[in-house]
>>> print(open('coords-v1.txt').read())   # compact mmCIF, C-alpha atoms and all ligand atoms
# COMPACT_ATOMS: atom_id res chain seq x y z
CA MET N 1094 40.65 16.71 -0.86
CA ALA N 1095 36.90 16.41 -0.38
CA THR N 1096 34.94 19.45 -1.45
CA SER N 1097 31.54 20.09 0.02
CA LEU N 1098 28.73 21.37 -2.11
CA PRO N 1099 26.79 24.41 -0.86
CA LYS N 1100 23.65 23.43 1.05
CA PRO N 1101 20.37 24.10 -0.79
CA PRO N 1102 18.33 26.85 0.84
CA THR N 1103 15.76 25.71 3.41
CA PRO N 1104 12.30 25.89 1.80
CA ALA N 1105 10.26 28.77 3.15
CA ALA N 1106 7.27 27.91 5.34
CA PRO N 1107 4.01 28.42 3.44
CA THR N 1108 2.61 31.89 3.89
CA THR N 1109 -0.44 33.74 2.70
CA PRO N 1110 -0.53 37.46 1.93
CA VAL N 1111 -2.99 39.39 4.12
CA ARG N 1112 -3.96 43.01 3.48
CA PRO N 1113 -4.54 44.99 6.64
CA ALA N 1114 -8.14 46.18 7.19
CA ASP N 1115 -7.06 49.81 7.55
CA GLY N 1116 -6.45 49.99 3.83
CA GLY N 1117 -2.73 50.64 4.37
CA GLY N 1118 -0.39 49.69 1.59
CA GLU N 1119 1.68 47.12 3.42
CA VAL N 1120 1.16 43.36 3.03
CA VAL N 1121 1.71 40.97 5.93
CA LEU N 1122 2.65 37.35 5.27
CA GLU N 1123 0.90 35.06 7.77
CA ARG N 1124 2.31 31.62 8.47
CA VAL N 1125 -0.02 28.83 7.27
CA PRO N 1126 0.13 25.53 9.20
CA GLN N 1127 1.17 22.54 7.05
CA LYS N 1128 -1.83 20.32 6.26
CA VAL N 1129 -0.12 17.23 4.83
CA LYS N 1130 -1.70 14.03 6.11
CA PRO N 1131 -0.19 10.60 5.54
CA PRO N 1132 -2.06 8.72 2.79
CA GLN N 1133 -4.90 6.34 3.63
CA MET N 1134 -3.44 2.83 3.57
CA HIS N 1135 -5.11 -0.22 2.00
CA GLN N 1136 -4.65 -3.87 2.90
CA VAL N 1137 -4.66 -6.61 0.33
CA VAL N 1138 -6.79 -9.44 1.70
CA MET N 1139 -6.62 -12.89 0.11
CA LEU N 1140 -9.61 -15.22 0.35
CA ASN N 1141 -9.70 -18.96 0.83
CA ASP N 1142 -11.29 -21.34 -1.66
CA ASP N 1143 -11.42 -25.10 -1.98
CA TYR N 1144 -9.57 -25.44 -5.28
CA THR N 1145 -6.46 -23.26 -5.53
CA PRO N 1146 -3.41 -25.38 -4.62
CA MET N 1147 -1.58 -24.32 -1.44
CA GLU N 1148 1.73 -24.26 -3.33
CA PHE N 1149 0.34 -21.78 -5.87
CA VAL N 1150 -0.82 -19.44 -3.09
CA VAL N 1151 2.57 -19.61 -1.36
CA VAL N 1152 4.39 -18.73 -4.60
CA VAL N 1153 1.98 -15.86 -5.34
CA ILE N 1154 2.48 -14.41 -1.85
CA GLN N 1155 6.26 -14.68 -2.23
CA GLU N 1156 6.28 -13.18 -5.70
CA PHE N 1157 3.85 -10.27 -5.32
CA PHE N 1158 4.14 -9.45 -1.63
CA GLY N 1159 7.90 -9.91 -1.18
CA LYS N 1160 7.62 -12.52 1.58
CA ASP N 1161 10.11 -15.31 2.16
CA ARG N 1162 8.85 -18.87 1.82
CA GLU N 1163 8.40 -19.28 5.56
CA SER N 1164 6.18 -16.19 6.05
CA ALA N 1165 4.31 -16.86 2.79
CA THR N 1166 3.47 -20.35 4.07
CA GLN N 1167 2.26 -18.94 7.41
CA ILE N 1168 0.01 -16.43 5.64
CA MET N 1169 -1.36 -19.11 3.28
CA LEU N 1170 -2.16 -21.40 6.23
CA LYS N 1171 -3.90 -18.57 8.09
CA ILE N 1172 -6.07 -17.91 5.01
CA HIS N 1173 -6.78 -21.63 4.66
CA LEU N 1174 -7.87 -21.89 8.31
CA ASP N 1175 -9.60 -18.51 8.87
CA GLY N 1176 -11.07 -17.94 5.41
CA LYS N 1177 -9.00 -14.81 4.69
CA GLY N 1178 -5.75 -13.07 5.53
CA VAL N 1179 -3.78 -9.88 4.94
CA CYS N 1180 -0.86 -10.22 2.50
CA GLY N 1181 0.36 -6.61 2.73
CA VAL N 1182 -0.55 -2.97 3.37
CA TYR N 1183 0.07 -0.29 0.73
CA THR N 1184 -1.15 3.03 -0.63
CA ARG N 1185 -4.38 2.69 -2.63
CA ASP N 1186 -2.86 2.46 -6.12
CA VAL N 1187 -0.14 0.00 -5.13
CA ALA N 1188 -2.70 -2.20 -3.33
CA SER N 1189 -4.96 -2.13 -6.38
CA THR N 1190 -2.03 -3.13 -8.65
CA LYS N 1191 -1.21 -6.07 -6.33
CA VAL N 1192 -4.83 -7.25 -6.52
CA GLU N 1193 -4.73 -7.11 -10.34
CA GLN N 1194 -1.42 -8.99 -10.46
CA VAL N 1195 -2.75 -11.77 -8.21
CA LEU N 1196 -6.05 -12.09 -10.09
CA ASP N 1197 -4.18 -12.13 -13.40
CA ALA N 1198 -1.77 -14.85 -12.26
CA ALA N 1199 -4.67 -16.92 -10.86
CA ARG N 1200 -6.73 -16.55 -14.05
CA GLN N 1201 -3.76 -17.51 -16.24
CA ALA N 1202 -3.17 -20.60 -14.13
CA GLY N 1203 -6.88 -21.47 -14.13
CA HIS N 1204 -7.38 -21.10 -10.35
CA PRO N 1205 -10.32 -19.34 -8.68
CA LEU N 1206 -8.11 -17.49 -6.16
CA GLN N 1207 -9.65 -14.17 -5.10
CA CYS N 1208 -8.25 -11.14 -3.33
CA VAL N 1209 -9.48 -7.66 -2.54
CA SER N 1210 -8.10 -4.36 -1.35
CA GLU N 1211 -9.74 -2.53 1.57
CA PRO N 1212 -8.96 0.68 3.47
CA VAL N 1213 -7.28 0.19 6.85
CA ASP N 1214 -8.99 2.18 9.65
N1 LIG U 1301 -7.91 -24.04 0.66
C1 LIG U 1301 -6.97 -24.31 -0.41
C2 LIG U 1301 -6.68 -25.80 -0.45
O1 LIG U 1301 -7.00 -26.52 0.49
C3 LIG U 1301 -5.66 -23.57 -0.23
C4 LIG U 1301 -5.83 -22.10 -0.29
C5 LIG U 1301 -5.18 -21.27 0.65
C6 LIG U 1301 -6.57 -21.49 -1.30
C7 LIG U 1301 -5.30 -19.90 0.58
C8 LIG U 1301 -6.71 -20.11 -1.36
O2 LIG U 1301 -6.17 -17.97 -0.49
C9 LIG U 1301 -6.06 -19.34 -0.42
N2 LIG U 1301 -6.10 -26.27 -1.54
>>> encode(input="coords-v1.txt", output="structure tokens", more="lines below")
Ligand code: TYC
Amino acid sequence: MATSLPKPPTPAAPTTPVRPADGGGEVVLERVPQKVKPPQMHQVVMLNDDYTPMEFVVVVIQEFFGKDRESATQIMLKIHLDGKGVCGVYTRDVASTKVEQVLDAARQAGHPLQCVSEPVD
């Protein structure tokens, strides 16, 4: 027989204590509107150069941006033709880690591949 666990209590809406101006003893809790905004997102933009092999770029895009070979190739070709292209969009810290991983892999392989992270409007 399946037993169901008791539901956790619903979290209370944020409130702020307000003392009435008449100096009375009672305290009123006023509801405070939630002010949680979604985080600013950052895109990782890869730049073209004349030296990094296409195959290396495709593998990097697959490995660090989770793309399949087909989409990685499309992105690489766009960068090759337009000078730059977006590989992915992440929160600031994740985007910055991706940039470091790409630059590290490029440096280790001796390629001048560059990429940057920039806020998305
Ligand atoms: N332009 C490079 C070449 O012809 C390929 C390349 C593509 C390099 C994308 C960097 O971000 C890049 N070998």
>>> closest_atom_pairs(input="coords-v1.txt", of="chain N", to="ligand LIG 1301 (chain U)", cutoff="7 Å", atoms="only C-alpha atoms and all ligand atoms", output="CSV")
residue,atom,partner,partner_atom,distance
N:Met1139,CA,U:LIG1301,O2,5.1
N:Leu1140,CA,U:LIG1301,O2,4.5
N:Asn1141,CA,U:LIG1301,C9,3.9
N:Asp1142,CA,U:LIG1301,C6,4.7
N:Asp1143,CA,U:LIG1301,N1,4.5
N:Tyr1144,CA,U:LIG1301,N2,5.2
N:Thr1145,CA,U:LIG1301,C6,4.6
N:Pro1146,CA,U:LIG1301,N2,4.2
N:Met1147,CA,U:LIG1301,C3,4.3
N:Val1150,CA,U:LIG1301,C7,5.8
N:Met1169,CA,U:LIG1301,C7,4.8
N:Leu1170,CA,U:LIG1301,C5,6.3
N:Ile1172,CA,U:LIG1301,C7,4.9
N:His1173,CA,U:LIG1301,C5,4.3
N:Lys1177,CA,U:LIG1301,O2,6.7
N:Leu1206,CA,U:LIG1301,C8,5.6
N:Gln1207,CA,U:LIG1301,O2,6.9
>>> closest_residue(input="coords-v1.txt", among="N:Val1152, N:Gly1178, N:Pro1131, N:Leu1196", to="Glu1211 of chain N", atoms="all atoms listed in the file")
N:Gly1178
>>> atom_distance(input="coords-v1.txt", atom1="atom CA of Asp1214 of chain N", atom2="atom CA of Ala1188 of chain N")
15.1 Å
>>> atom_distance(input="coords-v1.txt", atom1="atom CA of Lys1130 of chain N", atom2="atom CA of Thr1184 of chain N")
12.9 Å
>>> atom_distance(input="coords-v1.txt", atom1="atom CA of Val1138 of chain N", atom2="atom CA of Val1179 of chain N")
4.4 Å
>>> axis_aligned_box(input="coords-v1.txt", around="segment 1170-1187 of chain N", padding_each_side="5 Å", output="AutoDock Vina command-line options")
--center_x -5.4 --center_y -9.4 --center_z 1.4 --size_x 21.4 --size_y 34.9 --size_z 25.0
>>> residues_around(input="coords-v1.txt", residues="Val1213 of chain N", least_positions_apart="6", cutoff="10 Å", atoms="all atoms listed in the file", output="ChimeraX atom specification")
/N:1133-1137,1182-1183
>>> write_last_selection(input="coords-v1.txt", atoms="C-alpha atoms", output="PDB file, keeping the file's coordinate frame")
ATOM      1  CA  GLN N1133      -4.900   6.340   3.630  1.00  0.00           C
ATOM      2  CA  MET N1134      -3.440   2.830   3.570  1.00  0.00           C
ATOM      3  CA  HIS N1135      -5.110  -0.220   2.000  1.00  0.00           C
ATOM      4  CA  GLN N1136      -4.650  -3.870   2.900  1.00  0.00           C
ATOM      5  CA  VAL N1137      -4.660  -6.610   0.330  1.00  0.00           C
ATOM      6  CA  VAL N1182      -0.550  -2.970   3.370  1.00  0.00           C
ATOM      7  CA  TYR N1183       0.070  -0.290   0.730  1.00  0.00           C
TER       8      TYR N1183
END
>>> closest_residue(input="coords-v1.txt", among="N:Val1195, N:Val1209, N:Arg1185, N:Glu1123", to="Phe1158 of chain N", atoms="all atoms listed in the file")
N:Val1195
>>> closest_residue(input="coords-v1.txt", among="N:Leu1174, N:Cys1180, N:Ala1202, N:Cys1208", to="Gly1159 of chain N", atoms="only C-alpha atoms")
N:Cys1180
>>> build_atoms(input="coords-v1.txt", residues="segment 1131-1146 of chain N", atoms="N, CA and C atoms", output="PDB file, in the frame of the given file")
ATOM      1  N   PRO N1131      -0.688  11.819   6.199  1.00  0.00           N
ATOM      2  CA  PRO N1131      -0.190  10.600   5.540  1.00  0.00           C
ATOM      3  C   PRO N1131      -1.320   9.981   4.734  1.00  0.00           C
ATOM      4  N   PRO N1132      -0.987   9.265   3.632  1.00  0.00           N
ATOM      5  CA  PRO N1132      -2.060   8.720   2.790  1.00  0.00           C
ATOM      6  C   PRO N1132      -2.831   7.612   3.503  1.00  0.00           C
ATOM      7  N   GLN N1133      -4.090   7.467   3.138  1.00  0.00           N
ATOM      8  CA  GLN N1133      -4.900   6.340   3.630  1.00  0.00           C
ATOM      9  C   GLN N1133      -4.259   5.046   3.111  1.00  0.00           C
ATOM     10  N   MET N1134      -4.065   4.081   3.979  1.00  0.00           N
ATOM     11  CA  MET N1134      -3.440   2.830   3.570  1.00  0.00           C
ATOM     12  C   MET N1134      -4.514   1.766   3.281  1.00  0.00           C
ATOM     13  N   HIS N1135      -4.155   0.833   2.409  1.00  0.00           N
ATOM     14  CA  HIS N1135      -5.110  -0.220   2.000  1.00  0.00           C
ATOM     15  C   HIS N1135      -4.454  -1.582   2.165  1.00  0.00           C
ATOM     16  N   GLN N1136      -5.201  -2.526   2.745  1.00  0.00           N
ATOM     17  CA  GLN N1136      -4.650  -3.870   2.900  1.00  0.00           C
ATOM     18  C   GLN N1136      -5.170  -4.787   1.801  1.00  0.00           C
ATOM     19  N   VAL N1137      -4.265  -5.627   1.326  1.00  0.00           N
ATOM     20  CA  VAL N1137      -4.660  -6.610   0.330  1.00  0.00           C
ATOM     21  C   VAL N1137      -5.007  -7.901   1.080  1.00  0.00           C
ATOM     22  N   VAL N1138      -6.281  -8.282   0.979  1.00  0.00           N
ATOM     23  CA  VAL N1138      -6.790  -9.440   1.700  1.00  0.00           C
ATOM     24  C   VAL N1138      -7.023 -10.571   0.705  1.00  0.00           C
ATOM     25  N   MET N1139      -6.438 -11.729   0.989  1.00  0.00           N
ATOM     26  CA  MET N1139      -6.620 -12.890   0.110  1.00  0.00           C
ATOM     27  C   MET N1139      -7.663 -13.806   0.735  1.00  0.00           C
ATOM     28  N   LEU N1140      -8.502 -14.395  -0.127  1.00  0.00           N
ATOM     29  CA  LEU N1140      -9.610 -15.220   0.350  1.00  0.00           C
ATOM     30  C   LEU N1140      -9.342 -16.698   0.098  1.00  0.00           C
ATOM     31  N   ASN N1141      -9.854 -17.513   0.995  1.00  0.00           N
ATOM     32  CA  ASN N1141      -9.700 -18.960   0.830  1.00  0.00           C
ATOM     33  C   ASN N1141     -10.681 -19.484  -0.222  1.00  0.00           C
ATOM     34  N   ASP N1142     -10.355 -20.572  -0.831  1.00  0.00           N
ATOM     35  CA  ASP N1142     -11.290 -21.340  -1.660  1.00  0.00           C
ATOM     36  C   ASP N1142     -10.874 -22.790  -1.576  1.00  0.00           C
ATOM     37  N   ASP N1143     -11.702 -23.670  -2.136  1.00  0.00           N
ATOM     38  CA  ASP N1143     -11.420 -25.100  -1.980  1.00  0.00           C
ATOM     39  C   ASP N1143     -10.551 -25.677  -3.094  1.00  0.00           C
ATOM     40  N   TYR N1144     -10.200 -24.872  -4.082  1.00  0.00           N
ATOM     41  CA  TYR N1144      -9.570 -25.440  -5.280  1.00  0.00           C
ATOM     42  C   TYR N1144      -8.134 -25.002  -5.561  1.00  0.00           C
ATOM     43  N   THR N1145      -7.815 -23.737  -5.217  1.00  0.00           N
ATOM     44  CA  THR N1145      -6.460 -23.260  -5.530  1.00  0.00           C
ATOM     45  C   THR N1145      -5.438 -24.050  -4.719  1.00  0.00           C
ATOM     46  N   PRO N1146      -4.411 -24.601  -5.367  1.00  0.00           N
ATOM     47  CA  PRO N1146      -3.410 -25.380  -4.620  1.00  0.00           C
ATOM     48  C   PRO N1146      -2.623 -24.491  -3.643  1.00  0.00           C
TER      49      PRO N1146
END
